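Structure data (PDB, C-alpha atoms and all ligand atoms) from query18.pdb:
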```pdb
ATOM      1  CA  MET A   1    -124.669  25.688 149.861
ATOM      2  CA  ASN A   2    -126.721  27.244 152.652
ATOM      3  CA  ASP A   3    -130.431  26.946 153.348
ATOM      4  CA  SER A   4    -131.184  30.196 151.529
ATOM      5  CA  SER A   5    -129.871  28.831 148.238
ATOM      6  CA  TYR A   6    -131.093  25.250 148.433
ATOM      7  CA  ILE A   7    -131.942  25.466 144.758
ATOM      8  CA  LEU A   8    -129.517  27.690 142.921
ATOM      9  CA  ILE A   9    -130.059  28.766 139.336
ATOM     10  CA  GLU A  10    -127.351  30.877 137.784
ATOM     11  CA  GLY A  11    -127.136  32.381 134.323
ATOM     12  CA  VAL A  12    -129.430  29.757 132.829
ATOM     13  CA  ALA A  13    -130.453  29.968 129.196
ATOM     14  CA  GLN A  14    -132.438  27.440 127.188
ATOM     15  CA  ARG A  15    -132.416  27.397 123.421
ATOM     16  CA  PHE A  16    -134.206  24.867 121.232
ATOM     17  CA  LYS A  17    -133.391  23.824 117.708
ATOM     18  CA  THR A  18    -136.456  24.260 115.523
ATOM     19  CA  GLN A  19    -137.187  24.029 111.804
ATOM     20  CA  ARG A  20    -136.830  27.818 111.603
ATOM     21  CA  GLY A  21    -133.522  27.840 113.415
ATOM     22  CA  GLU A  22    -132.654  28.305 117.017
ATOM     23  CA  PHE A  23    -135.344  29.488 119.414
ATOM     24  CA  GLU A  24    -134.305  31.053 122.696
ATOM     25  CA  ALA A  25    -136.994  30.233 125.254
ATOM     26  CA  LEU A  26    -135.182  31.434 128.397
ATOM     27  CA  ARG A  27    -132.239  33.744 128.963
ATOM     28  CA  GLN A  28    -130.251  34.792 132.017
ATOM     29  CA  ILE A  29    -132.344  33.119 134.704
ATOM     30  CA  ASP A  30    -130.883  33.760 138.163
ATOM     31  CA  LEU A  31    -132.824  32.509 141.156
ATOM     32  CA  ARG A  32    -132.134  31.174 144.639
ATOM     33  CA  ILE A  33    -134.819  29.189 146.424
ATOM     34  CA  ALA A  34    -134.534  28.568 150.159
ATOM     35  CA  LYS A  35    -135.124  25.242 151.845
ATOM     36  CA  GLY A  36    -138.806  24.959 152.779
ATOM     37  CA  GLU A  37    -139.802  27.860 150.568
ATOM     38  CA  PHE A  38    -142.922  27.791 148.359
ATOM     39  CA  VAL A  39    -142.209  29.564 145.076
ATOM     40  CA  THR A  40    -144.583  29.932 142.155
ATOM     41  CA  LEU A  41    -143.632  30.718 138.567
ATOM     42  CA  ILE A  42    -146.204  32.834 136.787
ATOM     43  CA  GLY A  43    -146.286  34.403 133.339
ATOM     44  CA  HIS A  44    -148.245  34.420 130.118
ATOM     45  CA  SER A  45    -148.795  31.250 128.144
ATOM     46  CA  GLY A  46    -145.674  30.075 126.350
ATOM     47  CA  CYS A  47    -143.241  32.265 128.280
ATOM     48  CA  GLY A  48    -141.166  29.345 129.533
ATOM     49  CA  LYS A  49    -142.526  28.314 132.940
ATOM     50  CA  SER A  50    -142.560  24.591 132.167
ATOM     51  CA  THR A  51    -139.169  24.890 130.490
ATOM     52  CA  LEU A  52    -137.754  26.268 133.743
ATOM     53  CA  LEU A  53    -139.508  23.635 135.874
ATOM     54  CA  ASN A  54    -138.219  20.854 133.609
ATOM     55  CA  LEU A  55    -134.701  22.180 134.073
ATOM     56  CA  ILE A  56    -135.075  22.045 137.877
ATOM     57  CA  ALA A  57    -136.536  18.537 137.540
ATOM     58  CA  GLY A  58    -133.489  17.539 135.512
ATOM     59  CA  LEU A  59    -135.681  16.380 132.631
ATOM     60  CA  THR A  60    -133.699  18.689 130.353
ATOM     61  CA  THR A  61    -130.307  20.321 130.567
ATOM     62  CA  PRO A  62    -129.710  24.029 130.013
ATOM     63  CA  THR A  63    -127.937  25.371 126.950
ATOM     64  CA  SER A  64    -125.849  27.471 129.315
ATOM     65  CA  GLY A  65    -125.729  28.226 133.016
ATOM     66  CA  LEU A  66    -125.856  26.155 136.146
ATOM     67  CA  LEU A  67    -128.533  24.551 138.323
ATOM     68  CA  LEU A  68    -127.760  23.157 141.771
ATOM     69  CA  CYS A  69    -129.944  21.401 144.337
ATOM     70  CA  ALA A  70    -128.536  20.979 147.846
ATOM     71  CA  GLY A  71    -125.117  21.970 146.525
ATOM     72  CA  ARG A  72    -125.065  19.335 143.769
ATOM     73  CA  GLU A  73    -125.407  19.966 140.069
ATOM     74  CA  ILE A  74    -128.778  18.899 138.679
ATOM     75  CA  ALA A  75    -127.666  16.448 136.023
ATOM     76  CA  GLY A  76    -130.886  14.451 135.570
ATOM     77  CA  PRO A  77    -134.047  13.478 137.423
ATOM     78  CA  GLY A  78    -133.547  12.354 141.019
ATOM     79  CA  PRO A  79    -135.715  10.973 143.834
ATOM     80  CA  GLU A  80    -135.138  14.139 145.874
ATOM     81  CA  ARG A  81    -137.133  16.084 143.238
ATOM     82  CA  ALA A  82    -140.628  14.758 142.472
ATOM     83  CA  VAL A  83    -142.753  16.216 139.687
ATOM     84  CA  VAL A  84    -146.547  16.402 139.445
ATOM     85  CA  PHE A  85    -147.952  17.284 136.018
ATOM     86  CA  GLN A  86    -151.328  18.665 135.085
ATOM     87  CA  ASN A  87    -152.431  15.430 133.418
ATOM     88  CA  HIS A  88    -151.604  13.379 136.539
ATOM     89  CA  SER A  89    -149.909  10.697 134.384
ATOM     90  CA  LEU A  90    -151.212   7.640 136.234
ATOM     91  CA  LEU A  91    -151.016   4.161 134.764
ATOM     92  CA  PRO A  92    -154.648   3.321 133.951
ATOM     93  CA  TRP A  93    -154.353  -0.438 134.446
ATOM     94  CA  LEU A  94    -153.070  -0.106 138.007
ATOM     95  CA  THR A  95    -155.117   0.732 141.111
ATOM     96  CA  CYS A  96    -154.492   3.971 143.011
ATOM     97  CA  PHE A  97    -152.556   1.937 145.592
ATOM     98  CA  GLU A  98    -150.416   0.303 142.896
ATOM     99  CA  ASN A  99    -149.723   3.623 141.159
ATOM    100  CA  VAL A 100    -148.361   5.097 144.382
ATOM    101  CA  HIS A 101    -146.626   1.864 145.387
ATOM    102  CA  LEU A 102    -144.681   1.830 142.126
ATOM    103  CA  GLY A 103    -142.949   5.093 143.020
ATOM    104  CA  VAL A 104    -142.397   4.007 146.622
ATOM    105  CA  LYS A 105    -140.736   0.759 145.493
ATOM    106  CA  ARG A 106    -138.472   2.652 143.152
ATOM    107  CA  VAL A 107    -137.149   4.834 145.951
ATOM    108  CA  PHE A 108    -137.262   2.581 149.026
ATOM    109  CA  GLY A 109    -137.517  -0.984 147.625
ATOM    110  CA  ALA A 110    -134.935  -3.713 147.096
ATOM    111  CA  GLY A 111    -131.947  -2.668 145.021
ATOM    112  CA  SER A 112    -132.987   0.952 144.832
ATOM    113  CA  ARG A 113    -131.284   2.449 147.871
ATOM    114  CA  SER A 114    -127.988   4.219 147.727
ATOM    115  CA  ALA A 115    -125.018   2.413 149.250
ATOM    116  CA  GLY A 116    -125.422   2.056 152.993
ATOM    117  CA  ALA A 117    -129.199   2.651 153.052
ATOM    118  CA  LYS A 118    -131.254  -0.435 153.879
ATOM    119  CA  SER A 119    -134.042  -1.306 151.457
ATOM    120  CA  GLU A 120    -137.431  -1.568 153.116
ATOM    121  CA  SER A 121    -139.586  -4.666 153.665
ATOM    122  CA  LYS A 122    -142.835  -5.295 151.766
ATOM    123  CA  ALA A 123    -144.828  -4.291 154.845
ATOM    124  CA  GLU A 124    -142.912  -1.033 155.194
ATOM    125  CA  LEU A 125    -143.433  -0.186 151.519
ATOM    126  CA  ALA A 126    -147.160  -0.888 151.820
ATOM    127  CA  ALA A 127    -147.356   1.237 154.977
ATOM    128  CA  ARG A 128    -145.699   4.170 153.185
ATOM    129  CA  THR A 129    -148.131   3.839 150.308
ATOM    130  CA  HIS A 130    -151.168   3.778 152.625
ATOM    131  CA  ALA A 131    -149.840   6.766 154.579
ATOM    132  CA  ALA A 132    -149.456   8.823 151.387
ATOM    133  CA  LEU A 133    -152.978   7.983 150.230
ATOM    134  CA  GLU A 134    -154.283   8.923 153.661
ATOM    135  CA  LEU A 135    -152.436  12.246 153.526
ATOM    136  CA  VAL A 136    -154.472  13.240 150.470
ATOM    137  CA  GLY A 137    -157.708  11.732 151.837
ATOM    138  CA  LEU A 138    -157.900   8.816 149.437
ATOM    139  CA  SER A 139    -157.614   5.703 151.620
ATOM    140  CA  HIS A 140    -161.119   4.713 150.585
ATOM    141  CA  ALA A 141    -160.202   4.708 146.878
ATOM    142  CA  ALA A 142    -156.970   2.695 147.177
ATOM    143  CA  GLN A 143    -158.304  -0.266 145.201
ATOM    144  CA  ARG A 144    -159.972   1.764 142.442
ATOM    145  CA  ARG A 145    -158.417   2.359 139.030
ATOM    146  CA  PRO A 146    -157.898   5.848 137.531
ATOM    147  CA  GLY A 147    -160.860   5.328 135.165
ATOM    148  CA  GLU A 148    -163.146   4.868 138.175
ATOM    149  CA  ILE A 149    -162.309   8.105 140.021
ATOM    150  CA  SER A 150    -162.796  11.841 139.376
ATOM    151  CA  GLY A 151    -160.208  14.246 137.914
ATOM    152  CA  GLY A 152    -159.596  15.781 141.341
ATOM    153  CA  MET A 153    -159.038  12.351 142.867
ATOM    154  CA  LYS A 154    -156.599  11.430 140.085
ATOM    155  CA  GLN A 155    -154.688  14.584 140.762
ATOM    156  CA  ARG A 156    -154.563  13.691 144.458
ATOM    157  CA  VAL A 157    -153.137  10.268 143.567
ATOM    158  CA  GLY A 158    -150.430  12.026 141.541
ATOM    159  CA  ILE A 159    -149.622  14.221 144.535
ATOM    160  CA  ALA A 160    -149.671  11.189 146.881
ATOM    161  CA  ARG A 161    -147.267   9.378 144.579
ATOM    162  CA  ALA A 162    -144.908  12.334 144.614
ATOM    163  CA  LEU A 163    -145.143  12.824 148.386
ATOM    164  CA  ALA A 164    -144.699   9.118 149.129
ATOM    165  CA  MET A 165    -141.209   9.292 147.684
ATOM    166  CA  GLU A 166    -140.392  11.840 150.401
ATOM    167  CA  PRO A 167    -138.854  14.269 147.952
ATOM    168  CA  LYS A 168    -136.967  17.220 149.312
ATOM    169  CA  VAL A 169    -138.381  19.270 146.454
ATOM    170  CA  LEU A 170    -141.876  19.080 145.034
ATOM    171  CA  LEU A 171    -142.189  20.398 141.477
ATOM    172  CA  LEU A 172    -145.749  21.081 140.384
ATOM    173  CA  ASP A 173    -146.619  21.959 136.786
ATOM    174  CA  GLU A 174    -150.102  23.470 136.907
ATOM    175  CA  PRO A 175    -151.293  20.573 139.024
ATOM    176  CA  PHE A 176    -154.826  21.950 139.392
ATOM    177  CA  GLY A 177    -155.171  23.481 135.927
ATOM    178  CA  ALA A 178    -157.683  20.976 134.620
ATOM    179  CA  LEU A 179    -159.985  21.042 137.645
ATOM    180  CA  ASP A 180    -163.204  22.902 138.399
ATOM    181  CA  ALA A 181    -162.952  25.878 140.759
ATOM    182  CA  LEU A 182    -164.304  24.126 143.868
ATOM    183  CA  THR A 183    -162.115  21.022 143.540
ATOM    184  CA  ARG A 184    -159.176  23.270 142.807
ATOM    185  CA  ALA A 185    -159.787  25.299 145.988
ATOM    186  CA  LYS A 186    -160.062  22.123 148.062
ATOM    187  CA  LEU A 187    -156.792  20.732 146.681
ATOM    188  CA  GLN A 188    -155.019  24.057 147.209
ATOM    189  CA  ASP A 189    -156.090  23.956 150.871
ATOM    190  CA  GLU A 190    -154.887  20.353 151.176
ATOM    191  CA  LEU A 191    -151.583  21.250 149.571
ATOM    192  CA  LEU A 192    -151.134  24.128 152.040
ATOM    193  CA  GLU A 193    -151.632  21.704 154.946
ATOM    194  CA  ILE A 194    -149.384  19.009 153.475
ATOM    195  CA  VAL A 195    -146.543  21.436 152.847
ATOM    196  CA  VAL A 196    -146.723  22.668 156.448
ATOM    197  CA  ARG A 197    -146.561  19.056 157.675
ATOM    198  CA  THR A 198    -143.793  17.851 155.343
ATOM    199  CA  HIS A 199    -141.622  21.036 155.236
ATOM    200  CA  SER A 200    -141.123  20.454 151.503
ATOM    201  CA  THR A 201    -139.556  22.996 149.202
ATOM    202  CA  VAL A 202    -142.075  23.621 146.434
ATOM    203  CA  VAL A 203    -141.774  25.154 142.977
ATOM    204  CA  MET A 204    -145.120  25.438 141.234
ATOM    205  CA  VAL A 205    -146.113  26.665 137.789
ATOM    206  CA  THR A 206    -149.458  28.408 137.633
ATOM    207  CA  HIS A 207    -151.519  30.823 135.535
ATOM    208  CA  ASP A 208    -153.754  31.642 138.444
ATOM    209  CA  VAL A 209    -152.948  34.865 140.318
ATOM    210  CA  ASP A 210    -155.077  33.994 143.373
ATOM    211  CA  GLU A 211    -153.511  30.553 143.591
ATOM    212  CA  ALA A 212    -150.057  32.121 143.469
ATOM    213  CA  VAL A 213    -150.778  34.634 146.240
ATOM    214  CA  LEU A 214    -152.564  32.122 148.460
ATOM    215  CA  LEU A 215    -149.833  29.484 148.301
ATOM    216  CA  SER A 216    -146.518  31.247 147.788
ATOM    217  CA  ASP A 217    -143.785  32.729 149.888
ATOM    218  CA  ARG A 218    -142.498  34.334 146.676
ATOM    219  CA  ILE A 219    -143.950  34.775 143.217
ATOM    220  CA  VAL A 220    -141.482  34.750 140.339
ATOM    221  CA  MET A 221    -142.915  36.643 137.377
ATOM    222  CA  LEU A 222    -141.508  35.815 133.973
ATOM    223  CA  THR A 223    -141.445  38.242 131.078
ATOM    224  CA  ASN A 224    -142.989  37.218 127.774
ATOM    225  CA  GLY A 225    -141.039  35.033 125.448
ATOM    226  CA  PRO A 226    -139.103  34.565 123.300
ATOM    227  CA  SER A 227    -136.005  35.039 125.451
ATOM    228  CA  ALA A 228    -138.063  35.220 128.616
ATOM    229  CA  THR A 229    -136.374  36.064 131.866
ATOM    230  CA  ILE A 230    -137.373  36.923 135.416
ATOM    231  CA  GLY A 231    -139.154  40.276 135.349
ATOM    232  CA  GLU A 232    -139.972  40.707 139.023
ATOM    233  CA  VAL A 233    -140.052  38.670 142.203
ATOM    234  CA  LEU A 234    -142.747  39.444 144.755
ATOM    235  CA  THR A 235    -142.513  38.347 148.390
ATOM    236  CA  VAL A 236    -145.911  37.500 149.878
ATOM    237  CA  PRO A 237    -145.729  38.683 153.490
ATOM    238  CA  LEU A 238    -148.807  36.796 154.708
ATOM    239  CA  ALA A 239    -148.513  34.689 157.870
ATOM    240  CA  ARG A 240    -149.206  30.953 157.789
ATOM    241  CA  PRO A 241    -151.426  29.047 158.213
ATOM    242  CA  ARG A 242    -153.449  30.882 155.575
ATOM    243  CA  GLN A 243    -157.231  30.721 155.356
ATOM    244  CA  ARG A 244    -158.653  31.564 151.936
ATOM    245  CA  VAL A 245    -161.893  33.086 153.233
ATOM    246  CA  ALA A 246    -160.157  35.320 155.775
ATOM    247  CA  LEU A 247    -157.648  36.410 153.136
ATOM    248  CA  ALA A 248    -160.203  37.345 150.488
ATOM    249  CA  ASP A 249    -160.413  40.962 151.705
ATOM    250  CA  HIS A 250    -157.092  41.174 153.548
ATOM    251  CA  PRO A 251    -155.260  44.359 152.432
ATOM    252  CA  THR A 252    -151.891  42.585 152.015
ATOM    253  CA  TYR A 253    -153.511  39.832 149.945
ATOM    254  CA  LEU A 254    -155.255  42.380 147.739
ATOM    255  CA  GLN A 255    -152.056  44.400 147.316
ATOM    256  CA  CYS A 256    -150.054  41.299 146.258
ATOM    257  CA  ARG A 257    -152.790  40.306 143.861
ATOM    258  CA  LYS A 258    -152.783  43.793 142.340
ATOM    259  CA  GLU A 259    -149.004  43.773 141.908
ATOM    260  CA  VAL A 260    -149.065  40.474 140.010
ATOM    261  CA  LEU A 261    -152.016  41.585 137.870
ATOM    262  CA  ASP A 262    -150.240  44.861 137.092
ATOM    263  CA  PHE A 263    -147.140  42.974 136.026
ATOM    264  CA  LEU A 264    -149.083  40.572 133.808
ATOM    265  CA  TYR A 265    -151.579  42.942 132.245
ATOM    266  CA  THR A 266    -149.892  46.355 132.321
ATOM    267  CA  ARG A 267    -146.164  45.759 132.220
ATOM    268  CA  GLN A 268    -146.294  42.490 130.198
ATOM    269  CA  THR A 269    -149.066  42.622 127.659
ATOM    270  CA  HIS A 270    -149.500  39.350 125.912
ATOM    271  CA  VAL A 271    -147.591  39.429 122.664
ATOM    272  CA  HIS A 272    -145.991  36.069 122.116
ATOM    273  CA  LYS A 273    -144.311  34.393 119.188
ATOM    274  CA  GLU A 274    -144.497  30.607 119.241
ATOM    275  CA  ALA A 275    -141.473  28.539 118.447
ATOM    276  CA  ALA A 276    -141.609  26.915 115.030
TER     277      ALA A 276
HETATM  278  N1  LIG B 301    -138.646  21.072 122.889
HETATM  279  C1  LIG B 301    -138.948  22.282 122.401
HETATM  280  N2  LIG B 301    -138.572  22.626 121.149
HETATM  281  C2  LIG B 301    -138.856  23.850 120.651
HETATM  282  N3  LIG B 301    -139.508  24.801 121.332
HETATM  283  C3  LIG B 301    -139.921  24.509 122.576
HETATM  284  C4  LIG B 301    -139.666  23.248 123.185
HETATM  285  N4  LIG B 301    -140.187  23.255 124.448
HETATM  286  C5  LIG B 301    -140.744  24.465 124.605
HETATM  287  N5  LIG B 301    -140.581  25.230 123.493
HETATM  288  C6  LIG B 301    -141.024  26.608 123.301
HETATM  289  O1  LIG B 301    -140.517  27.380 124.390
HETATM  290  C7  LIG B 301    -141.470  28.329 124.799
HETATM  291  C8  LIG B 301    -141.780  28.127 126.275
HETATM  292  O2  LIG B 301    -142.568  26.935 126.446
HETATM  293  P1  LIG B 301    -143.119  26.468 127.850
HETATM  294  O3  LIG B 301    -143.913  25.235 127.633
HETATM  295  O4  LIG B 301    -142.017  26.427 128.817
HETATM  296  O5  LIG B 301    -144.075  27.694 128.230
HETATM  297  P2  LIG B 301    -145.111  27.833 129.424
HETATM  298  O6  LIG B 301    -144.893  29.186 130.002
HETATM  299  O7  LIG B 301    -144.998  26.677 130.355
HETATM  300  O8  LIG B 301    -146.488  27.779 128.637
HETATM  301  P3  LIG B 301    -147.971  27.399 129.114
HETATM  302  O9  LIG B 301    -148.296  28.362 130.202
HETATM  303  O10 LIG B 301    -148.801  27.647 127.885
HETATM  304  O11 LIG B 301    -147.958  25.985 129.549
HETATM  305  C9  LIG B 301    -142.700  28.170 123.902
HETATM  306  O12 LIG B 301    -142.597  29.109 122.841
HETATM  307  C10 LIG B 301    -142.542  26.767 123.356
HETATM  308  O13 LIG B 301    -143.136  26.664 122.084
END
```
Take the structure in the file and give it back as structure tokens.
Amino acid sequence: MNDSSYILIEGVAQRFKTQRGEFEALRQIDLRIAKGEFVTLIGHSGCGKSTLLNLIAGLTTPTSGLLLCAGREIAGPGPERAVVFQNHSLLPWLTCFENVHLGVKRVFGAGSRSAGAKSESKAELAARTHAALELVGLSHAAQRRPGEISGGMKQRVGIARALAMEPKVLLLDEPFGALDALTRAKLQDELLEIVVRTHSTVVMVTHDVDEAVLLSDRIVMLTNGPSATIGEVLTVPLARPRQRVALADHPTYLQCRKEVLDFLYTRQTHVHKEAA
């Protein structure tokens, strides 16, 4: 393993058994993601973006092919790979603090550390939890429950929970999909800052071309399913830190945007057959 193939995906295919027989969602996926890189997966609805992200998360195993993270086979979920879903999946009866703390305890608490690593004290676990909530600007809402905060705040708690576990890889499945445009823009900006601070490797599923260009080092464009594969990979040569307003009429930004739109709406028109 070297830093340029921190996540290595080779010859991956995913087939599902359905009532109408076997359905091939993904075929021949080959991708190397460097340490610290921000990669987005984009493609039409149902092409297999979440299927690929779930494979990297270790939530599913491929029908064929190989996935490695830091040189080790991905054989299941692991604390080095945290996932944030669109529906933020918080436990409604716990406060924001407790929701984040739960993840922190699982990774750093008593009995959870790998051999040789010392489990942390109660005070240390609480400090980690507070720090994560602060990172996403939610210290003031620590004692509130999910039902008492907005959708954007819930999503920030989900991100705080993932970040608090200090994952090497952050996997985001349309984390801002359910939010209004302004909240979405604010969270994208926060994510940009957090990623710079934490040097995380990020793989993010999105439908949003502007989001992909603004956030990514590379955009992986998937062909339509069934049997989707990687159609094109676009490198976004924009310097960081990136400012959305300054980029809005930047020629490189506009060119990248055009290339992704061309791929999606000229080279991949949306004809998709759902699995049974
Ligand atoms: N467990 C499963 N069994 C059968 N088919 C499945 C299963 N999971 C996903 N599929 C099918 O695989 C294809 C890819 O699904 P996936 O959810 O990965 O797409 P997606 O690109 O993330 O879609 P969207 O953008 O709409 O969220 C779809 O046709 C879906 O119906």
Across A:Thr61, A:Ser45, A:Thr229, A:Gln19, the smallest distance to ligand LIG 301 (chain B), with all atoms listed in the file counted, is shown by A:Ser45
Please identify every residue of segment 202-232 of chain A that has at least one atom no farther than 10 Å from an atom of segment 179-188 of chain A, counting only C-alpha atoms, and for each give the shortest atom pair and the distance in Å to one decimal, arranged by chain then increasing number, as a Markdown table.
```
| residue | atom | partner | partner_atom | distance |
| --- | --- | --- | --- | --- |
| A:Glu211 | CA | A:Gln188 | CA | 7.6 |
| A:Leu214 | CA | A:Gln188 | CA | 8.5 |
| A:Leu215 | CA | A:Gln188 | CA | 7.6 |
```
Set up a box along x, y and z of the file covering all listed atoms of ligand LIG 301 (chain B), add 8 Å on every one of the six sides, and write the centre and edge lengths in Å to one decimal, as AutoDock Vina command-line options.
```
--center_x -143.7 --center_y 25.1 --center_z 125.5 --size_x 26.2 --size_y 24.1 --size_z 25.7
```
Mind giving me the straight-line distance from atom CA of Ala178 of chain A to atom O2 of ligand LIG 301 (chain B) in Å, one decimal?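 Spanning atom CA of Ala178 of chain A to atom O2 of ligand LIG 301 (chain B) is a straight-line distance of 18.2 Å.
Around ligand LIG 301 (chain B), the neighbouring residues within 7 Å, taking only C-alpha atoms and all ligand atoms, come to Phe16, Lys17, Thr18, Phe23, Ala25, Gly43, His44, Ser45, Gly46, Cys47, Gly48, Lys49, Ser50, Thr51, Leu52, His207, Gly225, Pro226, Lys273, Glu274, Ala275 and Ala276 of chain A.
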Atom CA of Leu254 of chain A and atom CA of Val84 of chain A are how many Å apart?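 So the two atoms, atom CA of Leu254 of chain A and atom CA of Val84 of chain A, lie 28.6 Å apart.
Summary of the local environment: counting only C-alpha atoms, residues at most 8 Å from Leu138 of chain A, other than itself and those fewer than 6 positions away along its chain, are Met153, Arg156 and Val157 of chain A.
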Spell out the residues picked by the PyMOL selection byres (((chain A and resi 81) around 10) and not hetatm) here, as an mmCIF file with C-alpha atoms, keeping the file's coordinate frame.
```cif
data_model
loop_
_atom_site.group_PDB
_atom_site.id
_atom_site.type_symbol
_atom_site.label_atom_id
_atom_site.label_comp_id
_atom_site.auth_asym_id
_atom_site.auth_seq_id
_atom_site.Cartn_x
_atom_site.Cartn_y
_atom_site.Cartn_z
ATOM 1 C CA ILE A 56 -135.075 22.045 137.877
ATOM 2 C CA ALA A 57 -136.536 18.537 137.540
ATOM 3 C CA GLY A 58 -133.489 17.539 135.512
ATOM 4 C CA CYS A 69 -129.944 21.401 144.337
ATOM 5 C CA ILE A 74 -128.778 18.899 138.679
ATOM 6 C CA PRO A 77 -134.047 13.478 137.423
ATOM 7 C CA GLY A 78 -133.547 12.354 141.019
ATOM 8 C CA PRO A 79 -135.715 10.973 143.834
ATOM 9 C CA GLU A 80 -135.138 14.139 145.874
ATOM 10 C CA ALA A 82 -140.628 14.758 142.472
ATOM 11 C CA VAL A 83 -142.753 16.216 139.687
ATOM 12 C CA ALA A 162 -144.908 12.334 144.614
ATOM 13 C CA MET A 165 -141.209 9.292 147.684
ATOM 14 C CA GLU A 166 -140.392 11.840 150.401
ATOM 15 C CA PRO A 167 -138.854 14.269 147.952
ATOM 16 C CA LYS A 168 -136.967 17.220 149.312
ATOM 17 C CA VAL A 169 -138.381 19.270 146.454
ATOM 18 C CA LEU A 170 -141.876 19.080 145.034
ATOM 19 C CA LEU A 171 -142.189 20.398 141.477
ATOM 20 C CA THR A 201 -139.556 22.996 149.202
ATOM 21 C CA VAL A 202 -142.075 23.621 146.434
#
```
